[in-house]
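Down below is the structure, laid out as structure tokens.
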Amino acid sequence: MTATTSAPDPARENALPPAPPVKAVQWEWYIPIYFWTSGIAAGSWIVGAAEDLAGARDRHVIRAARYLALGGMLAGSGLLIADLGRPERFHHMLRIVRARSAMSLGSWGLTAFGSCAGAAALLQAAEDGWLGRRPRLARLSRGAAGRALHAVGLPLAAFVGSYTGVLLGSTNTPSWARRADWLGPLFLSSALSSGLAAVGLLAESGRRRCPISGRTGNGRRSRAIARRRAERRLARAEVIALAAELALALRGRASVRALPSDAEAPRSEHLARDLTLALGLGAPLVLAVARVSRRARGVRRKRTKRHAPNHSTTARIERLTAALALAGSLALRYLVTREGLRSARTPADTWRFTETKSAERAPANRARSATDSRVRDQVPAPAVDRPARERPSLL
Amino acid sequence: MTAPGHAGVAHGVRAWDTHGEQAQPAQKTSGTSITPGRAYGFFTDTTLCIGCKACEVACKQWNQLPSDGYELSGHSYDNTRQLGASTWRHVTFIEQFDEDRFAERDFDVFASLPARVEPWGAFTAGEQWAEPGRRWLLMSDVCKHCVNAPCLEACPTGSIIRTEFDSVYVQQDVCNGCGYCVPACPFGVVEVAKGGDGKAHKCTLCYDRLRGGMEPACANACPTDSIQFGPVDELVERAKLRTDELRGRGIPAYLYGTDGVLEDGADTTRLNGLNCFFLLIDRPEVYNLPPVPHRASSATGRGLVTSGLAALGLVAATLWAFAGDR
Ligand code: SF4
Ligand code: SF4
């Protein structure tokens with residue numbers, strides 16, 4: 001193969017493949033799990049707050065949301081600290097506040113939200129009688145104080161749910177940086193959908209163990225209606241969250257597919273991505289839509305004294321929806337992380353990302369060719385006339 | 001072109017006294033005195049580099065960096081491959097040889113010589129620099145000590161600071177190895193020593209040497225003055241002269257990292273320029289440098305705004321969904 005006939009080939013231009021121009025994140029494998037658990041924590045808080053502030057204040061939902069918020073935060077913080085090169089220095093994160101560092105903002109956000117989650121879980125524990133008899137705390141938990149805490153934590157939860165996306169976007173990893181504006185919303189919607197799913201599962205198991213719920217009457221019929229309504233509230237919100245998540249994930253897929261690194265991904269990964277979109281986001285969305293309409297029919301039937309839908313089937317569908325949504329959310333974080341790692345290791349991605357917008361490059365750059373007249377005029381003619389070469393251009 | 005310092009030493013000129021009696025060592029070796037509060041950096045003229053790797057060795061020795069092992073990369077004469085936690089100088093070898101480069105030459109040396117040979121003049125330029133396809137490009141790469149350093153902006157502990165010499169420095173007693181500076185750097189410089197001490201490491205611009213009035217070890221060791229140390233403003237002036245000289249000889253030289261000064265197609269204005277800048281004669285990508293390095297933190301504010309808007313929408317929708325069926 002001679003130079004004249006060679007196709008544009010960056011590897012030949014720079015005869016030897018260089019090391020990638022940027023470095024990939026050096027995270028351990030469990031960082032996507034941190035994204036997931038902190039997302040569940042944030043989503044759960046939004047669900048609990050919505051139930052307390054706008055919903056029917058169903059104690060099962062609120063209890064599940066509060067415990068999940070703390071549990072997700074504890075698990076996530078543990079993973080984050082374990083990933084540090086010097087875990088014993090984790091508190092150095094709180095030496096400074098830096099608005100330009102998503103990691104610094106995130107550390108403060110996690111601290112603030114973690115405190116809210118801890119306080120709420122404490123109130124809930126008092127309400128549940130875990131702390132001995134504390135009627136005043138229990139009353140605070142159910143009353144305005146609990147609601148105020150939920151309201152205060154709401155923006156913090158939204159921040160914790162979305163900042164991880166901003167964190168990925170504020171790097172020089174092409175796959176993330178190219179869609180920096182959309183990763184935050186994607187992670188937030190994913191946090192909300194997984195939070196809804198987790199709260200739904202936990203609330204349901206709590207209900208089975210202890211069917212008495214706070215505000216509603218304790219008759220069997222009113223309990224059943226309260227339960228059904230609570231589930232329908234969750235399902236309605238799940239439809240919204242999953243629809244947003246799916247739309248944003250599809251947009252992200254288009255952005256990633258435009259990158260050279262995507263061609264290098266193994267087929268299994270393309271398959272995993274499409275399966276995640278179909279089974280982890282699409283399927284639960286369809287099921288949630290079905291649940292909402294089925295619930296609507298069911299409640300109407302109940303009102304017209306016709307028989308209620310089959311509860312065991314409904315419960316199974318609910319559990320399946322929740323499990324799919326949770327798995328989909330985790331898979332999404334893993335795939336986004338993997339795409340970033342591959343992108344950082346693919347030089348062509350960086351060149352695509354860091355090229356000038358203007359097609360017109362400056363003069364000396366264009367002159368950088370053997371056939372440029374300025375150069376040729378000064379260089380004596382070679383012994384044999386070399387054919388004019390088009391230098392392959394990367395840009 | 002010789003750095004003024006060498007001429008200074010030759011003529012016995014002593015420009016500036018640190019302690020009233022004795023000149024700083026840097027004055028003898030680089031012709032500059034080191035004053036806190038001034039911005040210092042490197043001008044790396046890649047056309048002068050001969051790939052001897054004295055800078056790599058000097059850096060390893062002075063900073064007591066561990067060996068990277070004896071792996072042969074198979075990539076030219078470059079077994080270092082890249083900058084990292086234990087490699088703060090790296091000489092990039094770029095072989096630009098056409099596969100048919102011998103085809104047109106009969107191996108009679110005199111017949112293959114150009115008709116008009118000017119020793120050290122156009123012949124050298126034409127054969128070695130201006131013609132991709134029959135040349136080596138060599139570049140001693142280093143931390144650029146960016147003016148708006150993305151690694152510094154990313155660091156959540158405040159470990160990375162800007163020193164009194166305007167260099168970017170990782171404080172080892174503060175860094176907790178979170179690793180967020182690593183993907184923030186547009187040049188793949190800084191790295192966390194995973195499996196080592198777990199902290200981030202990169203070039204310090206020989207902070208300890210500067211404090212002692214000495215120029216950095218790599219610049220001191222460089223035998224061709226490909227690496228020149230000095231105050232950034234003086235270096236840019238020197239680089240402009242060199243660029244013009246090369247252009248006059250038909251070599252498409254330009255500067256990378258001077259914030260618009262003779263930068264041509266490269267554009268480092270997002271970082272406000274680099275304290276350690278380079279003279280290049282091929283496109284930036286050929287040297288593994290991004291044409292328009294990206295300031296990672298510029299996405300943070302926008303990302304927070306879109307996330308905030310998404311949060312407003314999603315929270316409002318959730319409240320609506322919960323309020324709808326009590
Ligand atoms: S961003 Fe990279 S090149 Fe710039 S100062 Fe930091 S480590 Fe050096
Ligand atoms: S690894 Fe160290 S220097 Fe880098 S961002 Fe984290 S704390 Fe800062």
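Labels for the structure tokens follow display order: chains A, B, ..., residues from 1 in each chain, ligands from 1.
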Within 7 Å of ligand 1 (only C-alpha atoms and all ligand atoms), residues as JSON, numbers by chain:
{"B": [143, 144, 145, 146, 149, 150, 151, 152, 168, 184, 185, 186, 187, 188, 189, 190, 202]}
Those same residues, written as a CSV table (one decimal), in the first residue's frame with all heavy atoms?
```csv
chain,number,residue,atom,x,y,z
B,143,CYS,N,2.7,18.3,32.3
B,143,CYS,CA,1.5,19.0,32.8
B,143,CYS,C,1.6,20.5,32.2
B,143,CYS,O,2.6,21.1,32.3
B,143,CYS,CB,1.4,19.1,34.3
B,143,CYS,SG,0.2,20.2,34.9
B,144,LYS,N,0.5,21.0,31.7
B,144,LYS,CA,0.5,22.3,31.1
B,144,LYS,C,0.3,23.4,32.1
B,144,LYS,O,0.4,24.6,31.7
B,144,LYS,CB,-0.6,22.4,30.0
B,144,LYS,CG,-0.3,21.6,28.7
B,144,LYS,CD,-0.5,20.2,28.8
B,144,LYS,CE,-0.1,19.4,27.6
B,144,LYS,NZ,0.0,17.9,27.9
B,145,HIS,N,0.0,23.1,33.3
B,145,HIS,CA,-0.2,24.2,34.3
B,145,HIS,C,-1.2,25.2,33.7
B,145,HIS,O,-0.8,26.4,33.7
B,145,HIS,CB,1.1,24.8,34.8
B,145,HIS,CG,2.0,23.8,35.5
B,145,HIS,ND1,1.8,23.5,36.9
B,145,HIS,CD2,2.9,22.9,35.1
B,145,HIS,CE1,2.6,22.5,37.2
B,145,HIS,NE2,3.3,22.1,36.2
B,146,CYS,N,-2.3,24.7,33.3
B,146,CYS,CA,-3.3,25.6,32.7
B,146,CYS,C,-3.7,26.8,33.5
B,146,CYS,O,-3.7,26.7,34.7
B,146,CYS,CB,-4.6,24.8,32.4
B,146,CYS,SG,-4.4,23.1,31.9
B,149,ALA,N,-7.2,25.9,35.3
B,149,ALA,CA,-6.9,24.5,35.3
B,149,ALA,C,-8.1,23.7,35.7
B,149,ALA,O,-8.7,23.8,36.8
B,149,ALA,CB,-5.8,24.2,36.3
B,150,PRO,N,-8.6,22.8,34.8
B,150,PRO,CA,-9.8,22.0,35.0
B,150,PRO,C,-9.6,21.1,36.2
B,150,PRO,O,-10.5,20.8,37.0
B,150,PRO,CB,-10.0,21.3,33.7
B,150,PRO,CG,-9.4,22.1,32.7
B,150,PRO,CD,-8.2,22.7,33.3
B,151,CYS,N,-8.4,20.6,36.4
B,151,CYS,CA,-8.1,19.7,37.5
B,151,CYS,C,-8.3,20.4,38.9
B,151,CYS,O,-9.0,19.9,39.8
B,151,CYS,CB,-6.7,19.1,37.5
B,151,CYS,SG,-5.4,20.3,37.6
B,152,LEU,N,-7.8,21.6,38.9
B,152,LEU,CA,-8.0,22.5,40.1
B,152,LEU,C,-9.4,22.8,40.4
B,152,LEU,O,-9.9,22.7,41.5
B,152,LEU,CB,-7.2,23.7,40.0
B,152,LEU,CG,-7.0,24.7,41.2
B,152,LEU,CD1,-5.7,25.5,41.0
B,152,LEU,CD2,-8.2,25.6,41.3
B,168,VAL,N,0.3,24.8,39.1
B,168,VAL,CA,-0.8,24.0,39.6
B,168,VAL,C,-0.2,22.8,40.4
B,168,VAL,O,0.5,22.0,39.9
B,168,VAL,CB,-1.7,23.5,38.5
B,168,VAL,CG1,-2.9,22.7,39.1
B,168,VAL,CG2,-2.3,24.7,37.7
B,184,ALA,N,-11.1,15.2,34.6
B,184,ALA,CA,-11.3,16.7,34.3
B,184,ALA,C,-10.2,17.2,33.5
B,184,ALA,O,-10.4,18.1,32.7
B,184,ALA,CB,-11.4,17.5,35.6
B,185,CYS,N,-9.0,16.7,33.6
B,185,CYS,CA,-7.8,17.2,32.8
B,185,CYS,C,-8.0,16.9,31.3
B,185,CYS,O,-8.3,15.8,30.9
B,185,CYS,CB,-6.5,16.5,33.3
B,185,CYS,SG,-5.1,17.0,32.3
B,186,PRO,N,-7.9,18.0,30.5
B,186,PRO,CA,-8.1,17.8,29.1
B,186,PRO,C,-7.0,17.1,28.4
B,186,PRO,O,-7.1,16.8,27.2
B,186,PRO,CB,-8.3,19.2,28.5
B,186,PRO,CG,-8.1,20.1,29.7
B,186,PRO,CD,-7.6,19.4,30.9
B,187,PHE,N,-5.9,16.9,29.1
B,187,PHE,CA,-4.7,16.3,28.5
B,187,PHE,C,-4.2,15.0,29.1
B,187,PHE,O,-3.2,14.5,28.8
B,187,PHE,CB,-3.5,17.3,28.6
B,187,PHE,CG,-3.8,18.7,28.2
B,187,PHE,CD1,-4.1,19.7,29.1
B,187,PHE,CD2,-3.9,19.0,26.8
B,187,PHE,CE1,-4.4,21.0,28.6
B,187,PHE,CE2,-4.2,20.2,26.3
B,187,PHE,CZ,-4.5,21.2,27.3
B,188,GLY,N,-5.1,14.4,29.9
B,188,GLY,CA,-4.7,13.1,30.5
B,188,GLY,C,-3.4,13.1,31.3
B,188,GLY,O,-2.6,12.2,31.2
B,189,VAL,N,-3.2,14.1,32.1
B,189,VAL,CA,-2.0,14.3,32.8
B,189,VAL,C,-2.0,13.6,34.2
B,189,VAL,O,-1.3,12.7,34.5
B,189,VAL,CB,-1.6,15.8,32.9
B,189,VAL,CG1,-0.4,15.9,33.8
B,189,VAL,CG2,-1.3,16.3,31.6
B,190,VAL,N,-2.9,14.1,35.0
B,190,VAL,CA,-2.9,13.8,36.4
B,190,VAL,C,-3.5,12.4,36.6
B,190,VAL,O,-4.4,12.0,35.8
B,190,VAL,CB,-3.7,14.8,37.3
B,190,VAL,CG1,-5.1,14.9,36.9
B,190,VAL,CG2,-3.5,14.6,38.8
B,202,LYS,N,1.1,14.5,39.8
B,202,LYS,CA,1.5,15.1,38.5
B,202,LYS,C,2.7,16.0,38.7
B,202,LYS,O,3.1,16.2,39.9
B,202,LYS,CB,0.3,15.8,37.9
B,202,LYS,CG,0.0,17.1,38.7
B,202,LYS,CD,-1.0,17.9,37.9
B,202,LYS,CE,-1.1,19.4,38.4
B,202,LYS,NZ,0.1,20.1,38.2
```
Around ligand 2, which protein and nucleic acid residues have at least one atom no more than 6 Å from it, if we count only C-alpha atoms and all ligand atoms? List them as a tab-separated table (two decimals) with all heavy atoms, in the first residue's frame.
```
chain	number	residue	atom	x	y	z
B	154	ALA	N	-11.92	21.02	39.55
B	154	ALA	CA	-12.70	19.83	39.88
B	154	ALA	C	-12.43	19.36	41.30
B	154	ALA	O	-13.29	18.72	41.91
B	154	ALA	CB	-12.36	18.71	38.90
B	155	CYS	N	-11.27	19.67	41.84
B	155	CYS	CA	-10.86	19.07	43.11
B	155	CYS	C	-11.76	19.50	44.26
B	155	CYS	O	-11.86	20.69	44.57
B	155	CYS	CB	-9.42	19.47	43.41
B	155	CYS	SG	-8.86	18.86	45.00
B	156	PRO	N	-12.45	18.56	44.91
B	156	PRO	CA	-13.40	18.92	45.96
B	156	PRO	C	-12.75	19.15	47.32
B	156	PRO	O	-13.40	19.64	48.24
B	156	PRO	CB	-14.32	17.70	46.02
B	156	PRO	CG	-13.44	16.57	45.65
B	156	PRO	CD	-12.45	17.12	44.65
B	157	THR	N	-11.48	18.76	47.47
B	157	THR	CA	-10.85	18.91	48.78
B	157	THR	C	-10.02	20.18	48.87
B	157	THR	O	-9.54	20.52	49.95
B	157	THR	CB	-9.91	17.73	49.07
B	157	THR	OG1	-8.86	17.75	48.10
B	157	THR	CG2	-10.65	16.40	48.98
B	159	SER	N	-7.26	20.31	47.49
B	159	SER	CA	-5.89	19.82	47.49
B	159	SER	C	-5.07	20.49	46.39
B	159	SER	O	-3.91	20.82	46.59
B	159	SER	CB	-5.90	18.30	47.30
B	159	SER	OG	-4.67	17.86	46.82
B	160	ILE	N	-5.69	20.69	45.24
B	160	ILE	CA	-4.96	21.30	44.11
B	160	ILE	C	-5.04	22.81	44.25
B	160	ILE	O	-6.13	23.38	44.32
B	160	ILE	CB	-5.53	20.83	42.76
B	160	ILE	CG1	-5.51	19.30	42.70
B	160	ILE	CG2	-4.73	21.42	41.61
B	160	ILE	CD1	-5.89	18.73	41.37
B	170	VAL	N	-0.53	19.76	43.54
B	170	VAL	CA	-1.37	18.85	44.33
B	170	VAL	C	-0.75	18.72	45.72
B	170	VAL	O	0.35	18.20	45.87
B	170	VAL	CB	-1.46	17.45	43.69
B	170	VAL	CG1	-2.45	16.59	44.46
B	170	VAL	CG2	-1.85	17.54	42.23
B	175	CYS	N	-4.99	15.72	49.56
B	175	CYS	CA	-5.66	14.86	48.57
B	175	CYS	C	-6.16	13.58	49.22
B	175	CYS	O	-5.44	12.93	49.97
B	175	CYS	CB	-4.70	14.52	47.44
B	175	CYS	SG	-5.33	13.28	46.32
B	176	ASN	N	-7.43	13.23	48.95
B	176	ASN	CA	-7.95	11.97	49.48
B	176	ASN	C	-8.18	10.95	48.37
B	176	ASN	O	-8.86	9.94	48.58
B	176	ASN	CB	-9.21	12.20	50.32
B	176	ASN	CG	-10.38	12.69	49.50
B	176	ASN	OD1	-10.32	12.72	48.28
B	176	ASN	ND2	-11.46	13.05	50.16
B	177	GLY	N	-7.67	11.22	47.21
B	177	GLY	CA	-7.73	10.22	46.15
B	177	GLY	C	-9.10	10.00	45.57
B	177	GLY	O	-9.40	8.91	45.09
B	178	CYS	N	-9.95	11.05	45.58
B	178	CYS	CA	-11.29	10.87	45.01
B	178	CYS	C	-11.21	10.66	43.51
B	178	CYS	O	-12.09	10.08	42.91
B	178	CYS	CB	-12.17	12.07	45.32
B	178	CYS	SG	-11.79	13.51	44.34
B	179	GLY	N	-10.15	11.16	42.89
B	179	GLY	CA	-9.93	10.88	41.47
B	179	GLY	C	-10.73	11.75	40.53
B	179	GLY	O	-10.74	11.50	39.33
B	180	TYR	N	-11.39	12.80	41.02
B	180	TYR	CA	-12.22	13.58	40.11
B	180	TYR	C	-11.38	14.50	39.22
B	180	TYR	O	-11.83	14.95	38.18
B	180	TYR	CB	-13.25	14.39	40.90
B	180	TYR	CG	-14.36	14.92	40.03
B	180	TYR	CD1	-14.98	14.10	39.11
B	180	TYR	CD2	-14.78	16.25	40.11
B	180	TYR	CE1	-15.99	14.57	38.30
B	180	TYR	CE2	-15.79	16.73	39.30
B	180	TYR	CZ	-16.39	15.88	38.40
B	180	TYR	OH	-17.39	16.35	37.59
B	181	CYS	N	-10.14	14.78	39.64
B	181	CYS	CA	-9.28	15.59	38.80
B	181	CYS	C	-8.87	14.82	37.53
B	181	CYS	O	-8.56	15.42	36.51
B	181	CYS	CB	-8.03	16.01	39.57
B	181	CYS	SG	-7.18	14.64	40.37
B	199	LYS	N	-3.09	8.59	46.14
B	199	LYS	CA	-3.28	10.02	45.98
B	199	LYS	C	-2.95	10.42	44.54
B	199	LYS	O	-2.32	9.68	43.81
B	199	LYS	CB	-2.39	10.79	46.95
B	199	LYS	CG	-2.80	10.57	48.40
B	199	LYS	CD	-1.92	11.33	49.37
B	199	LYS	CE	-0.60	10.66	49.58
B	199	LYS	NZ	0.22	11.31	50.61
B	200	ALA	N	-3.41	11.62	44.17
B	200	ALA	CA	-3.20	12.09	42.81
B	200	ALA	C	-1.80	12.70	42.68
B	200	ALA	O	-1.33	13.38	43.61
B	200	ALA	CB	-4.25	13.14	42.45
```
Give the helix (DSSP H, G or I) residues of segment 106-291 of chain A, as DSSP finds them on the backbone, and put them as a ChimeraX atom specification.
/A:106-127,135-142,144-169,174-177,180-209,220-257,260-264,267-291
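Take the candidates A:Pro260, A:Gly165, A:Pro20, A:Pro155 and check each one against Arg179 of chain A using only C-alpha atoms; the shortest distance goes to A:Gly165.
Proximity of A:Ala64, A:Leu248, A:Leu275, A:Ala125 to chain B, computed with only C-alpha atoms, is greatest for A:Leu248.
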To one decimal in Å, tell me the separation between atom CA of Leu271 of chain B and atom CA of Gly301 of chain B.
16.5 Å
Residue with smallest distance to chain A - pool B:Gln24, B:Ser86, B:Gln172, B:Asn272, counting only C-alpha atoms
B:Gln172
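Within the 7 Å cut-off around Leu138 of chain B, using only C-alpha atoms and omitting residues fewer than 2 positions from it on the same chain, the listed residues are Thr46, Cys49, Ile50, Gly51, Val91, Thr92, Phe93, Ile94, Trp136 and Ser140 of chain B.
The smallest atom-to-atom distance between Ala230 of chain A and any of A:Gly55, A:Gly78, A:Gly153, A:Pro135, using only C-alpha atoms, is found for A:Gly55.
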Skipping near chain neighbours, those fewer than 6 positions away, what residues fall within 6 Å of segment 32-44 of chain B using only C-alpha atoms, listed as a list in words?
Ala26, Glu164, Phe165, Asp166, Gly213, Ser226, Ile227, Gln228, Phe229, Gly230, Pro231, Val232, Asn275, Cys276, Phe277 and Phe278 of chain B
Any chance you could export the current selection's C-alpha atoms as a PDB file, in the first residue's frame?
```
ATOM      1  CA  ALA B  26      18.434  29.543  37.938  1.00  0.00           C
ATOM      2  CA  GLU B 164       3.070  31.672  44.137  1.00  0.00           C
ATOM      3  CA  PHE B 165       4.780  30.731  40.852  1.00  0.00           C
ATOM      4  CA  ASP B 166       1.364  30.340  39.162  1.00  0.00           C
ATOM      5  CA  GLY B 213      15.917  29.466  43.207  1.00  0.00           C
ATOM      6  CA  SER B 226      13.911  22.116  23.654  1.00  0.00           C
ATOM      7  CA  ILE B 227      12.543  22.693  27.152  1.00  0.00           C
ATOM      8  CA  GLN B 228      12.999  26.288  28.191  1.00  0.00           C
ATOM      9  CA  PHE B 229      12.024  27.548  31.614  1.00  0.00           C
ATOM     10  CA  GLY B 230      11.182  31.099  32.494  1.00  0.00           C
ATOM     11  CA  PRO B 231       8.506  33.702  33.188  1.00  0.00           C
ATOM     12  CA  VAL B 232       5.600  32.983  30.852  1.00  0.00           C
ATOM     13  CA  ASN B 275       1.694  28.231  31.332  1.00  0.00           C
ATOM     14  CA  CYS B 276       3.534  25.365  29.681  1.00  0.00           C
ATOM     15  CA  PHE B 277       3.072  25.764  25.960  1.00  0.00           C
ATOM     16  CA  PHE B 278       4.516  24.144  22.868  1.00  0.00           C
TER      17      PHE B 278
END
```
Determine the nearest neighbour of Cys206 of chain B from the options B:His294, B:His75, B:Lys53, B:Arg89, counting only C-alpha atoms.
B:Arg89
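Pairwise distance (atom CA of Arg220 of chain A, atom CA of Ala126 of chain A) equals 26.1 Å.
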Excluding Met73 of chain A and its own-chain neighbours fewer than 4 positions away, which residues fall within 10 Å of it when counting only C-alpha atoms? Please give them as a compact mmCIF listing (two decimals) with C-alpha atoms, in the first residue's frame.
```txt
# COMPACT_ATOMS: atom_id res chain seq x y z
CA TYR A 34 -23.58 4.10 44.32
CA THR A 37 -28.60 3.56 45.64
CA SER A 38 -28.25 7.32 46.02
CA GLY A 39 -30.83 7.63 43.24
CA ILE A 40 -33.21 5.33 45.10
CA ALA A 41 -32.65 7.39 48.26
CA ALA A 42 -33.38 10.66 46.46
CA TYR A 67 -36.26 4.27 55.65
CA LEU A 68 -35.27 3.83 52.02
CA ALA A 69 -33.90 7.35 51.87
CA SER A 77 -21.83 6.85 51.17
CA GLY A 78 -20.14 3.60 52.15
CA LEU A 79 -19.42 2.77 48.51
CA LEU A 110 -25.04 14.44 50.19
CA THR A 111 -24.20 15.72 53.67
CA PHE A 113 -29.60 15.41 52.34
CA GLY A 114 -28.13 12.64 54.48
CA SER A 115 -28.85 14.74 57.58
CA ALA A 117 -32.80 11.50 55.74
CA GLY A 118 -31.31 10.65 59.12
CA VAL A 160 -28.75 14.36 45.04
```
